[in-house]
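Report on the structure given below.
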Amino acid sequence: MSVEKSFEPTLKASDHSDEEAAPVNVDELAVADWTEAEERAVKRKLDLILLPILGLAFFSLQMDRGNISNALTSTITQDLKITTNQINVGSSLLSTGIVLLEIPSNILLQRIGPQKWLSCQILAWGLVATFQNFITNYGGYLATRLLLGLCEAGFIPGALYTMSTWYKKSESSLRISIFFLGNLIASATTSLIGAGILSMGNRYGIAGWRWLFIVEGAITIGVGILFILFLPPKVGNGSPLISFGRWSYFSRRESYILVRRVLLDDPAKTTNHLRISGTDIWTTVCNPRILLHIVITLTNITHVSAISTYGPSVIKSLGYGTVRANAMASVGAFISAVVTVILAWVCDTTRRRAPSMLISAVWSIIAFACLREAYKWGSGRKYAAVVFAMSMNSTVHILNVGWLTVNCRRPQERSVAMAMIVMGANAGGIAGSQIFRTQDAPLYHTAFTACLVLAAAVAVEIVVLSIWYLISNRNLEKHGDGQVVTGKTEETPDGHQVELAKKWKWTW
């Protein structure tokens, strides 16, 4: 039975106006009027178009945000006459800038559209990242780091929300992890790129860390131009800017499948621009379930950002040179990329998020327990412990984003929640930048102890939230509650007006 036919018993165009559209139960009536082969083909096509563009933009964001760890192995502290603790202040300001404008940026994205807004953001932070090479003192360093954070604010939740409009719930974790590969690959390759750029130190009288900002900032500007030209505007409109409206990535049939399959999976999703009210923001911010997701990310990113920033410096303290230390630090990020994709695939296949997240959390507990005792070991074993700790780079956070996405009932809630979870990540970055202190060098025993406690807390939080969802599902089944009729009124090809409805169930 086709989608159109399934609507007929419930509603006829002559019987109802738009306002009188009767709800159609997706679970009982609506059946896709396309084959599985058609859907797989259009999904593969979408993956090859959307994910590389968003992932490349995320790569440039992380490259410009995280290259301070490479600069630390150069002469930036000596040239600017500042200390490691003052570098930490700059990192905190960057995260503060992101936190301040995260929700406002996401509201603007809904009004302007992702193609225009996200493109402007990439170009803006690319210019700031490039101009960092002109700083000559501590004040200039702080100003550019804050401005960089303000320009980057809202990009990640905006991109995540954009992805959620194209994909079904059962596809979300793997695609989100692929999107975050831009982050993970940047963490890995920027150490290698940084190692090469830093080797240009003092060429033409320009310090290595200045070359780092010049080259990587220019790469971001190039990425921004590609983003503007090739990103499809929205679901149902596959014509990128470079097409000048003359062609589309998708045929009319493919566009129809892309729109309908997402609405049948989650009737609350909409293909139009959202209007997010103050009530929507306040309701989401006060939701204890969403807040626990934020706490998980905040706790996780605190220790992740700490070891990510200072991993190359810790490796360098083992007796390795600047270039080699940066190259060796990339190993953990490559491992993280592979492990994250595997665990995300498990999440989508089993439709369970908590078990994979718990595996990652336990991994981190073991890693930091080893690092805490690593001062007794030789340099080879110490290096292995650092890599082991860095190999869970943001995995819990990435899986947590997917977990939160599928458990948001309304598009407005999802949009605000994505902004909140990235705010939580950046708040964790602020806290994490203060864990490794100058006075704790070179053993960093206090820092590793703090990271161990935080990793253990993450595991406890995951267990608590999964139990919460399990109990909530039992209550829904017990009381027969959970019918959601919030789907957008749609016009089918035969002119019918319908409002889709689907039974709600929490994902643990």
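Letters A, B, ... mark the chains of the structure tokens in the order given; residue numbers begin at 1 per chain; ligand numbers begin at 1, in order shown.
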
Among stretch 208-343 of chain A, which ones does DSSP assign to helix (DSSP H, G or I) (computed from the backbone)? Answer as a short mmCIF file (atom, residue, chain, number, x, y, z; two decimals) with N, CA, C and O atoms, in the first residue's frame.
```
data_model
loop_
_atom_site.label_atom_id
_atom_site.label_comp_id
_atom_site.auth_asym_id
_atom_site.auth_seq_id
_atom_site.Cartn_x
_atom_site.Cartn_y
_atom_site.Cartn_z
N GLY A 208 57.51 29.98 13.65
CA GLY A 208 56.74 28.80 13.25
C GLY A 208 55.28 28.87 13.62
O GLY A 208 54.40 28.51 12.83
N TRP A 209 54.97 29.37 14.84
CA TRP A 209 53.57 29.43 15.26
C TRP A 209 52.78 30.45 14.45
O TRP A 209 51.57 30.29 14.26
N ARG A 210 53.46 31.49 13.95
CA ARG A 210 52.77 32.46 13.08
C ARG A 210 52.44 31.82 11.73
O ARG A 210 51.35 32.04 11.18
N TRP A 211 53.37 31.04 11.19
CA TRP A 211 53.09 30.31 9.96
C TRP A 211 51.90 29.37 10.17
O TRP A 211 51.08 29.16 9.25
N LEU A 212 51.82 28.79 11.34
CA LEU A 212 50.72 27.87 11.67
C LEU A 212 49.37 28.56 11.50
O LEU A 212 48.45 28.04 10.84
N PHE A 213 49.23 29.75 12.07
CA PHE A 213 47.97 30.50 11.98
C PHE A 213 47.70 30.96 10.54
O PHE A 213 46.55 30.95 10.08
N ILE A 214 48.74 31.38 9.82
CA ILE A 214 48.56 31.86 8.44
C ILE A 214 48.05 30.74 7.54
O ILE A 214 47.05 30.89 6.83
N VAL A 215 48.75 29.62 7.54
CA VAL A 215 48.42 28.53 6.62
C VAL A 215 47.07 27.91 6.95
O VAL A 215 46.22 27.72 6.07
N GLU A 216 46.86 27.61 8.23
CA GLU A 216 45.61 26.94 8.59
C GLU A 216 44.41 27.87 8.47
O GLU A 216 43.30 27.43 8.15
N GLY A 217 44.59 29.16 8.72
CA GLY A 217 43.51 30.11 8.51
C GLY A 217 43.13 30.22 7.04
O GLY A 217 41.94 30.30 6.68
N ALA A 218 44.12 30.20 6.16
CA ALA A 218 43.86 30.26 4.72
C ALA A 218 43.11 29.01 4.25
O ALA A 218 42.22 29.10 3.38
N ILE A 219 43.44 27.86 4.82
CA ILE A 219 42.73 26.62 4.48
C ILE A 219 41.25 26.76 4.84
O ILE A 219 40.37 26.38 4.06
N THR A 220 40.96 27.34 6.00
CA THR A 220 39.57 27.51 6.44
C THR A 220 38.80 28.42 5.49
O THR A 220 37.63 28.16 5.17
N ILE A 221 39.41 29.51 5.05
CA ILE A 221 38.73 30.41 4.11
C ILE A 221 38.38 29.67 2.82
O ILE A 221 37.29 29.83 2.27
N GLY A 222 39.28 28.83 2.36
CA GLY A 222 39.00 28.01 1.17
C GLY A 222 37.85 27.05 1.41
O GLY A 222 36.98 26.88 0.53
N VAL A 223 37.81 26.45 2.59
CA VAL A 223 36.71 25.55 2.94
C VAL A 223 35.39 26.31 2.96
O VAL A 223 34.36 25.81 2.50
N GLY A 224 35.40 27.54 3.48
CA GLY A 224 34.20 28.35 3.53
C GLY A 224 33.63 28.63 2.14
O GLY A 224 32.41 28.60 1.93
N ILE A 225 34.51 28.89 1.19
CA ILE A 225 34.07 29.14 -0.19
C ILE A 225 33.42 27.89 -0.78
O ILE A 225 32.36 27.96 -1.43
N LEU A 226 34.04 26.73 -0.56
CA LEU A 226 33.46 25.47 -1.04
C LEU A 226 32.10 25.21 -0.40
O LEU A 226 31.16 24.74 -1.06
N PHE A 227 31.99 25.52 0.89
CA PHE A 227 30.75 25.31 1.64
C PHE A 227 29.62 26.13 1.03
O PHE A 227 28.51 25.64 0.81
N ILE A 228 29.89 27.40 0.76
CA ILE A 228 28.88 28.28 0.16
C ILE A 228 28.39 27.74 -1.18
O ILE A 228 27.20 27.73 -1.47
N LEU A 229 29.32 27.25 -1.98
CA LEU A 229 28.99 26.86 -3.35
C LEU A 229 28.26 25.52 -3.45
O LEU A 229 27.42 25.33 -4.33
N PHE A 230 28.56 24.58 -2.54
CA PHE A 230 28.11 23.21 -2.76
C PHE A 230 27.10 22.67 -1.76
O PHE A 230 26.54 21.60 -1.99
N LEU A 241 24.27 26.63 -4.50
CA LEU A 241 24.46 27.96 -5.06
C LEU A 241 25.17 27.91 -6.40
O LEU A 241 24.86 28.68 -7.31
N ILE A 242 26.11 27.00 -6.55
CA ILE A 242 26.90 26.92 -7.77
C ILE A 242 26.05 26.52 -8.98
O ILE A 242 26.44 26.73 -10.13
N SER A 243 24.87 25.95 -8.73
CA SER A 243 23.99 25.52 -9.82
C SER A 243 23.21 26.69 -10.42
O SER A 243 22.64 26.56 -11.51
N ARG A 252 13.23 14.84 -8.82
CA ARG A 252 11.99 15.10 -8.08
C ARG A 252 11.59 13.88 -7.26
O ARG A 252 11.12 14.01 -6.14
N ARG A 253 11.76 12.71 -7.84
CA ARG A 253 11.43 11.47 -7.11
C ARG A 253 12.32 11.31 -5.88
O ARG A 253 11.85 10.97 -4.80
N GLU A 254 13.60 11.55 -6.05
CA GLU A 254 14.54 11.42 -4.92
C GLU A 254 14.22 12.45 -3.83
O GLU A 254 14.28 12.13 -2.64
N SER A 255 13.89 13.68 -4.22
CA SER A 255 13.54 14.71 -3.24
C SER A 255 12.29 14.31 -2.46
O SER A 255 12.20 14.52 -1.25
N TYR A 256 11.32 13.73 -3.17
CA TYR A 256 10.10 13.27 -2.52
C TYR A 256 10.41 12.20 -1.48
O TYR A 256 9.92 12.24 -0.35
N ILE A 257 11.25 11.24 -1.84
CA ILE A 257 11.62 10.17 -0.91
C ILE A 257 12.35 10.74 0.31
O ILE A 257 12.06 10.37 1.45
N LEU A 258 13.28 11.66 0.07
CA LEU A 258 14.05 12.25 1.17
C LEU A 258 13.15 12.95 2.17
O LEU A 258 13.34 12.83 3.39
N VAL A 259 12.16 13.69 1.69
CA VAL A 259 11.26 14.42 2.60
C VAL A 259 10.33 13.47 3.33
O VAL A 259 10.19 13.52 4.55
N ARG A 260 9.68 12.58 2.59
CA ARG A 260 8.64 11.73 3.17
C ARG A 260 9.19 10.71 4.14
O ARG A 260 8.56 10.41 5.16
N ARG A 261 10.35 10.13 3.85
CA ARG A 261 10.88 9.09 4.73
C ARG A 261 11.21 9.65 6.11
O ARG A 261 11.02 8.98 7.13
N VAL A 262 11.69 10.90 6.16
CA VAL A 262 12.02 11.51 7.45
C VAL A 262 10.75 11.83 8.23
O VAL A 262 10.68 11.61 9.44
N LEU A 263 9.70 12.33 7.54
CA LEU A 263 8.46 12.66 8.23
C LEU A 263 7.72 11.42 8.71
O LEU A 263 7.09 11.43 9.78
N LEU A 264 7.81 10.33 7.97
CA LEU A 264 7.20 9.08 8.42
C LEU A 264 7.93 8.51 9.62
O LEU A 264 7.33 7.87 10.48
N ASP A 265 9.23 8.74 9.68
CA ASP A 265 10.02 8.26 10.82
C ASP A 265 9.77 9.11 12.05
O ASP A 265 9.67 8.60 13.17
N GLY A 278 10.71 32.23 23.13
CA GLY A 278 11.33 32.22 24.45
C GLY A 278 10.82 31.07 25.29
O GLY A 278 11.57 30.48 26.08
N THR A 279 9.55 30.70 25.10
CA THR A 279 8.98 29.57 25.83
C THR A 279 9.66 28.27 25.43
O THR A 279 9.95 27.41 26.28
N ASP A 280 9.93 28.11 24.12
CA ASP A 280 10.64 26.91 23.65
C ASP A 280 12.02 26.80 24.31
O ASP A 280 12.42 25.72 24.76
N ILE A 281 12.73 27.91 24.38
CA ILE A 281 14.07 27.91 24.98
C ILE A 281 13.98 27.58 26.47
O ILE A 281 14.71 26.72 26.97
N TRP A 282 13.06 28.25 27.18
CA TRP A 282 12.96 28.05 28.62
C TRP A 282 12.54 26.63 28.97
O TRP A 282 13.09 26.01 29.89
N THR A 283 11.58 26.08 28.22
CA THR A 283 11.12 24.71 28.48
C THR A 283 12.24 23.71 28.28
O THR A 283 12.41 22.77 29.07
N THR A 284 13.04 23.91 27.24
CA THR A 284 14.15 22.99 26.97
C THR A 284 15.25 23.13 28.01
O THR A 284 15.78 22.12 28.49
N VAL A 285 15.57 24.35 28.37
CA VAL A 285 16.63 24.59 29.35
C VAL A 285 16.28 24.00 30.71
O VAL A 285 17.17 23.55 31.45
N PRO A 288 14.91 18.38 32.94
CA PRO A 288 15.97 17.67 33.68
C PRO A 288 16.62 16.54 32.88
O PRO A 288 17.81 16.26 33.04
N ARG A 289 15.85 15.91 31.99
CA ARG A 289 16.41 14.84 31.16
C ARG A 289 17.47 15.40 30.22
O ARG A 289 18.55 14.82 30.07
N ILE A 290 17.16 16.53 29.59
CA ILE A 290 18.13 17.16 28.68
C ILE A 290 19.33 17.66 29.47
O ILE A 290 20.48 17.54 29.03
N LEU A 291 19.08 18.20 30.65
CA LEU A 291 20.19 18.70 31.47
C LEU A 291 21.17 17.60 31.84
O LEU A 291 22.38 17.83 31.92
N LEU A 292 20.66 16.38 32.07
CA LEU A 292 21.57 15.27 32.40
C LEU A 292 22.44 14.91 31.20
O LEU A 292 23.62 14.58 31.36
N HIS A 293 21.88 15.00 29.99
CA HIS A 293 22.71 14.82 28.79
C HIS A 293 23.83 15.87 28.75
O HIS A 293 24.97 15.56 28.41
N ILE A 294 23.47 17.10 29.11
CA ILE A 294 24.46 18.19 29.09
C ILE A 294 25.56 17.92 30.12
O ILE A 294 26.75 18.14 29.86
N VAL A 295 25.16 17.44 31.29
CA VAL A 295 26.14 17.14 32.35
C VAL A 295 27.11 16.06 31.90
O VAL A 295 28.31 16.12 32.17
N ILE A 296 26.59 15.04 31.20
CA ILE A 296 27.46 13.97 30.70
C ILE A 296 28.52 14.55 29.76
O ILE A 296 29.72 14.25 29.88
N THR A 297 28.08 15.39 28.83
CA THR A 297 29.03 16.01 27.89
C THR A 297 30.01 16.92 28.61
O THR A 297 31.22 16.89 28.33
N LEU A 298 29.52 17.75 29.51
CA LEU A 298 30.39 18.67 30.24
C LEU A 298 31.47 17.92 31.01
O LEU A 298 32.66 18.27 30.94
N THR A 299 31.07 16.88 31.72
CA THR A 299 32.03 16.09 32.51
C THR A 299 33.04 15.40 31.62
O THR A 299 34.24 15.36 31.91
N ASN A 300 32.56 14.85 30.50
CA ASN A 300 33.44 14.15 29.58
C ASN A 300 34.44 15.08 28.90
O ASN A 300 35.65 14.80 28.85
N ILE A 301 33.94 16.20 28.37
CA ILE A 301 34.80 17.10 27.62
C ILE A 301 35.83 17.77 28.52
O ILE A 301 36.92 18.16 28.05
N THR A 302 35.54 17.91 29.80
CA THR A 302 36.51 18.52 30.71
C THR A 302 37.84 17.77 30.68
O THR A 302 38.91 18.37 30.51
N HIS A 303 37.78 16.44 30.82
CA HIS A 303 39.06 15.70 30.80
C HIS A 303 39.56 15.46 29.39
O HIS A 303 40.77 15.38 29.15
N VAL A 304 38.64 15.39 28.41
CA VAL A 304 39.06 15.20 27.02
C VAL A 304 39.84 16.41 26.51
O VAL A 304 40.90 16.27 25.89
N SER A 305 39.31 17.61 26.77
CA SER A 305 39.99 18.82 26.29
C SER A 305 41.34 19.00 26.98
O SER A 305 42.30 19.49 26.38
N ALA A 306 41.40 18.59 28.23
CA ALA A 306 42.66 18.72 28.97
C ALA A 306 43.77 17.88 28.34
O ALA A 306 44.86 18.38 28.04
N ILE A 307 43.49 16.60 28.11
CA ILE A 307 44.52 15.73 27.57
C ILE A 307 44.79 16.03 26.09
O ILE A 307 45.90 15.87 25.60
N SER A 308 43.76 16.51 25.36
CA SER A 308 43.95 16.85 23.95
C SER A 308 44.88 18.04 23.79
O SER A 308 45.73 18.07 22.90
N THR A 309 44.70 19.05 24.66
CA THR A 309 45.51 20.26 24.57
C THR A 309 46.95 20.00 24.99
O THR A 309 47.90 20.49 24.37
N TYR A 310 47.11 19.23 26.06
CA TYR A 310 48.45 19.07 26.63
C TYR A 310 49.11 17.73 26.29
O TYR A 310 50.24 17.48 26.71
N GLY A 311 48.40 16.90 25.51
CA GLY A 311 49.01 15.63 25.09
C GLY A 311 50.34 15.81 24.39
O GLY A 311 51.34 15.18 24.75
N PRO A 312 50.42 16.70 23.35
CA PRO A 312 51.72 16.90 22.69
C PRO A 312 52.81 17.39 23.64
O PRO A 312 53.98 16.98 23.52
N SER A 313 52.44 18.26 24.58
CA SER A 313 53.43 18.78 25.53
C SER A 313 53.91 17.69 26.49
O SER A 313 55.10 17.63 26.83
N VAL A 314 52.98 16.83 26.91
CA VAL A 314 53.37 15.71 27.78
C VAL A 314 54.31 14.78 27.05
O VAL A 314 55.32 14.31 27.61
N ILE A 315 54.01 14.50 25.77
CA ILE A 315 54.88 13.63 24.97
C ILE A 315 56.25 14.29 24.77
O ILE A 315 57.30 13.62 24.87
N LYS A 316 56.26 15.59 24.53
CA LYS A 316 57.53 16.30 24.38
C LYS A 316 58.37 16.23 25.64
O LYS A 316 59.60 16.11 25.57
N THR A 322 60.06 18.76 19.10
CA THR A 322 58.78 19.41 18.84
C THR A 322 58.02 18.74 17.70
O THR A 322 56.84 18.39 17.84
N VAL A 323 58.68 18.57 16.56
CA VAL A 323 58.00 18.00 15.39
C VAL A 323 57.57 16.57 15.66
O VAL A 323 56.44 16.18 15.37
N ARG A 324 58.45 15.78 16.26
CA ARG A 324 58.13 14.38 16.51
C ARG A 324 57.02 14.24 17.54
O ARG A 324 56.14 13.38 17.42
N ALA A 325 57.02 15.08 18.57
CA ALA A 325 55.99 15.02 19.61
C ALA A 325 54.61 15.29 19.02
O ALA A 325 53.62 14.62 19.35
N ASN A 326 54.52 16.29 18.13
CA ASN A 326 53.24 16.59 17.49
C ASN A 326 52.77 15.45 16.59
O ASN A 326 51.58 15.12 16.55
N ALA A 327 53.70 14.85 15.88
CA ALA A 327 53.35 13.72 15.02
C ALA A 327 52.89 12.52 15.84
O ALA A 327 51.90 11.85 15.50
N MET A 328 53.60 12.24 16.94
CA MET A 328 53.26 11.10 17.78
C MET A 328 51.91 11.29 18.47
O MET A 328 51.20 10.32 18.76
N ALA A 329 51.52 12.54 18.72
CA ALA A 329 50.25 12.81 19.40
C ALA A 329 49.05 12.48 18.51
O ALA A 329 47.94 12.30 19.01
N SER A 330 49.28 12.40 17.20
CA SER A 330 48.17 12.15 16.27
C SER A 330 47.66 10.72 16.32
O SER A 330 46.53 10.44 15.89
N VAL A 331 48.45 9.81 16.86
CA VAL A 331 48.07 8.39 16.86
C VAL A 331 46.76 8.16 17.62
O VAL A 331 45.86 7.45 17.16
N GLY A 332 46.62 8.80 18.78
CA GLY A 332 45.42 8.62 19.59
C GLY A 332 44.16 9.07 18.86
O GLY A 332 43.11 8.43 18.95
N ALA A 333 44.27 10.16 18.14
CA ALA A 333 43.10 10.68 17.43
C ALA A 333 42.68 9.76 16.29
O ALA A 333 41.48 9.59 16.01
N PHE A 334 43.65 9.14 15.60
CA PHE A 334 43.31 8.20 14.54
C PHE A 334 42.58 6.98 15.12
O PHE A 334 41.60 6.49 14.55
N ILE A 335 43.06 6.50 16.26
CA ILE A 335 42.39 5.38 16.92
C ILE A 335 40.98 5.78 17.32
O ILE A 335 40.02 5.03 17.15
N SER A 336 40.85 7.00 17.85
CA SER A 336 39.55 7.49 18.27
C SER A 336 38.56 7.54 17.12
O SER A 336 37.38 7.19 17.28
N ALA A 337 39.01 7.96 15.95
CA ALA A 337 38.13 8.05 14.78
C ALA A 337 37.55 6.68 14.43
O ALA A 337 36.35 6.54 14.18
N VAL A 338 38.41 5.67 14.43
CA VAL A 338 37.96 4.32 14.08
C VAL A 338 37.01 3.78 15.14
O VAL A 338 35.93 3.26 14.82
N VAL A 339 37.38 3.90 16.41
CA VAL A 339 36.55 3.36 17.50
C VAL A 339 35.20 4.06 17.55
O VAL A 339 34.16 3.42 17.76
N THR A 340 35.18 5.36 17.35
CA THR A 340 33.92 6.12 17.41
C THR A 340 32.95 5.67 16.33
O THR A 340 31.75 5.49 16.58
N VAL A 341 33.43 5.50 15.10
CA VAL A 341 32.56 5.05 14.01
C VAL A 341 32.02 3.65 14.29
O VAL A 341 30.83 3.37 14.07
N ILE A 342 32.86 2.77 14.82
CA ILE A 342 32.41 1.40 15.14
C ILE A 342 31.33 1.42 16.21
O ILE A 342 30.27 0.78 16.08
N LEU A 343 31.55 2.19 17.28
CA LEU A 343 30.57 2.25 18.35
C LEU A 343 29.27 2.91 17.89
O LEU A 343 28.18 2.53 18.31
#
```

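In this comparison, which uses only C-alpha atoms, the residue of A:Phe368, A:Tyr249, A:Trp363, A:Tyr161 approaching A:Lys382 most closely is A:Phe368.
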
Q. Quick one: residues within 6 Å of A:Ala459, only C-alpha atoms counted, chain neighbours fewer than 2 positions away excluded, as a PyMOL selection string?
A. chain A and resi 358+361+456-457+461-462

Store the residues picked out above in a file with all heavy atoms, as a compact mmCIF listing (two decimals), in the first residue's frame.
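Result file follows (result-v1.txt):
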```
# COMPACT_ATOMS: atom_id res chain seq x y z
N LEU A 358 29.04 3.51 27.57
CA LEU A 358 29.65 2.97 28.79
C LEU A 358 31.00 2.31 28.49
O LEU A 358 31.94 2.42 29.28
CB LEU A 358 28.69 1.96 29.43
CG LEU A 358 28.87 1.67 30.91
CD1 LEU A 358 28.84 2.96 31.73
CD2 LEU A 358 27.81 0.70 31.40
N ALA A 361 33.44 5.11 28.28
CA ALA A 361 33.74 5.69 29.59
C ALA A 361 34.68 4.81 30.40
O ALA A 361 35.62 5.30 31.05
CB ALA A 361 32.43 5.91 30.36
N ALA A 456 35.26 8.54 35.80
CA ALA A 456 34.40 7.68 36.61
C ALA A 456 33.01 8.30 36.77
O ALA A 456 31.98 7.60 36.72
CB ALA A 456 35.04 7.44 37.97
N ALA A 457 32.96 9.62 36.92
CA ALA A 457 31.68 10.31 37.06
C ALA A 457 30.84 10.16 35.79
O ALA A 457 29.61 10.00 35.86
CB ALA A 457 31.91 11.79 37.37
N GLU A 461 26.98 8.70 35.42
CA GLU A 461 25.92 9.51 34.81
C GLU A 461 25.22 8.76 33.67
O GLU A 461 24.00 8.86 33.51
CB GLU A 461 26.51 10.83 34.30
CG GLU A 461 26.96 11.77 35.41
CD GLU A 461 28.00 12.78 34.96
OE1 GLU A 461 28.31 12.82 33.75
OE2 GLU A 461 28.51 13.52 35.82
N ILE A 462 25.99 8.02 32.88
CA ILE A 462 25.41 7.24 31.78
C ILE A 462 24.46 6.18 32.31
O ILE A 462 23.35 5.98 31.78
CB ILE A 462 26.52 6.60 30.92
CG1 ILE A 462 27.33 7.68 30.20
CG2 ILE A 462 25.93 5.61 29.92
CD1 ILE A 462 28.59 7.16 29.54
```

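Taking atom CA of A:Leu318 as the reference point, atom CA of A:Leu443 is found at 10.1 Å.
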
Q) Which one is closest to A:Ser364: A:Val346, A:Leu452, A:Ala419, A:Val387? Count only C-alpha atoms. A) A:Leu452

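Near stretch 102-106 of chain A, within 8 Å and counting only C-alpha atoms, sit Ile98, Gln110, Ala153, Gly154, Phe155, Pro157, Gly158, Ser415, Val416, Ala419, Met420, Val422 and Met423 of chain A; same-chain residues fewer than 4 positions away were not included.
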
Write a file of the just-selected residues containing N, CA and C atoms, as an mmCIF file, in the first residue's frame.
```cif
data_model
loop_
_atom_site.group_PDB
_atom_site.id
_atom_site.type_symbol
_atom_site.label_atom_id
_atom_site.label_comp_id
_atom_site.auth_asym_id
_atom_site.auth_seq_id
_atom_site.Cartn_x
_atom_site.Cartn_y
_atom_site.Cartn_z
ATOM 1 N N ILE A 98 31.998 30.977 22.546
ATOM 2 C CA ILE A 98 31.095 30.000 21.933
ATOM 3 C C ILE A 98 29.836 29.839 22.775
ATOM 4 N N GLN A 110 17.884 29.329 12.020
ATOM 5 C CA GLN A 110 16.526 28.945 11.654
ATOM 6 C C GLN A 110 15.859 30.010 10.797
ATOM 7 N N ALA A 153 30.614 30.197 17.314
ATOM 8 C CA ALA A 153 29.431 29.847 18.108
ATOM 9 C C ALA A 153 28.256 29.450 17.220
ATOM 10 N N GLY A 154 27.665 28.317 17.532
ATOM 11 C CA GLY A 154 26.465 27.881 16.831
ATOM 12 C C GLY A 154 26.707 27.013 15.619
ATOM 13 N N PHE A 155 27.966 26.909 15.149
ATOM 14 C CA PHE A 155 28.183 26.111 13.944
ATOM 15 C C PHE A 155 27.869 24.634 14.173
ATOM 16 N N PRO A 157 25.990 22.940 16.612
ATOM 17 C CA PRO A 157 24.563 22.598 16.743
ATOM 18 C C PRO A 157 23.779 22.903 15.482
ATOM 19 N N GLY A 158 24.162 23.954 14.759
ATOM 20 C CA GLY A 158 23.483 24.260 13.505
ATOM 21 C C GLY A 158 23.669 23.162 12.483
ATOM 22 N N SER A 415 16.506 21.696 18.295
ATOM 23 C CA SER A 415 17.397 22.786 17.904
ATOM 24 C C SER A 415 18.055 23.428 19.118
ATOM 25 N N VAL A 416 17.253 23.727 20.135
ATOM 26 C CA VAL A 416 17.797 24.351 21.348
ATOM 27 C C VAL A 416 18.690 23.365 22.098
ATOM 28 N N ALA A 419 22.135 23.171 20.688
ATOM 29 C CA ALA A 419 22.931 24.323 21.119
ATOM 30 C C ALA A 419 23.400 24.146 22.559
ATOM 31 N N MET A 420 22.506 23.635 23.406
ATOM 32 C CA MET A 420 22.848 23.460 24.818
ATOM 33 C C MET A 420 23.968 22.447 25.017
ATOM 34 N N VAL A 422 26.323 21.606 22.937
ATOM 35 C CA VAL A 422 27.601 22.157 22.495
ATOM 36 C C VAL A 422 28.084 23.220 23.489
ATOM 37 N N MET A 423 27.147 23.953 24.075
ATOM 38 C CA MET A 423 27.514 24.875 25.164
ATOM 39 C C MET A 423 28.137 24.105 26.325
#
```

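You can rank A:Asn202, A:Ser356, A:Ser187, A:Ser60 by their closest distance to A:Gln121 using only C-alpha atoms, and at the top of that list sits A:Ser60.
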
Q: Write out as a ChimeraX atom specification each polymer residue whose atoms come within 8 Å of A:Ser360, counting only C-alpha atoms; drop sequence neighbours fewer than 6 positions from it.
A: /A:392,395-396

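When atom CA of A:Gln62 is paired with atom CA of A:Asn183, their separation reads 5.5 Å.
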
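Nearest residue to A:Leu476, choosing from A:Lys503, A:Gly428, A:Ala455, A:Thr405 and counting only C-alpha atoms: A:Lys503.
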
**Q.** Minimum-distance residue to A:Ile82, chosen among A:Leu192, A:Leu142, A:Leu108, A:Ile366 (using only C-alpha atoms)
**A.** A:Leu142

(Q) When you look at A:Met163 with a cut-off of 12 Å (counting only C-alpha atoms), what residues show up, excluding the ones that are within fewer than 3 positions of it in the same chain? I need them as a PyMOL selection string. (A) chain A and resi 46-47+49-55+114+156-160+166-169+171-180+231-235+262+269+271+402+405+414-415+418

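Using only C-alpha atoms for every distance, the candidate list A:Pro240, A:Met357, A:Phe250, A:Asn88 yields A:Pro240 as the residue closest to A:Gln115.
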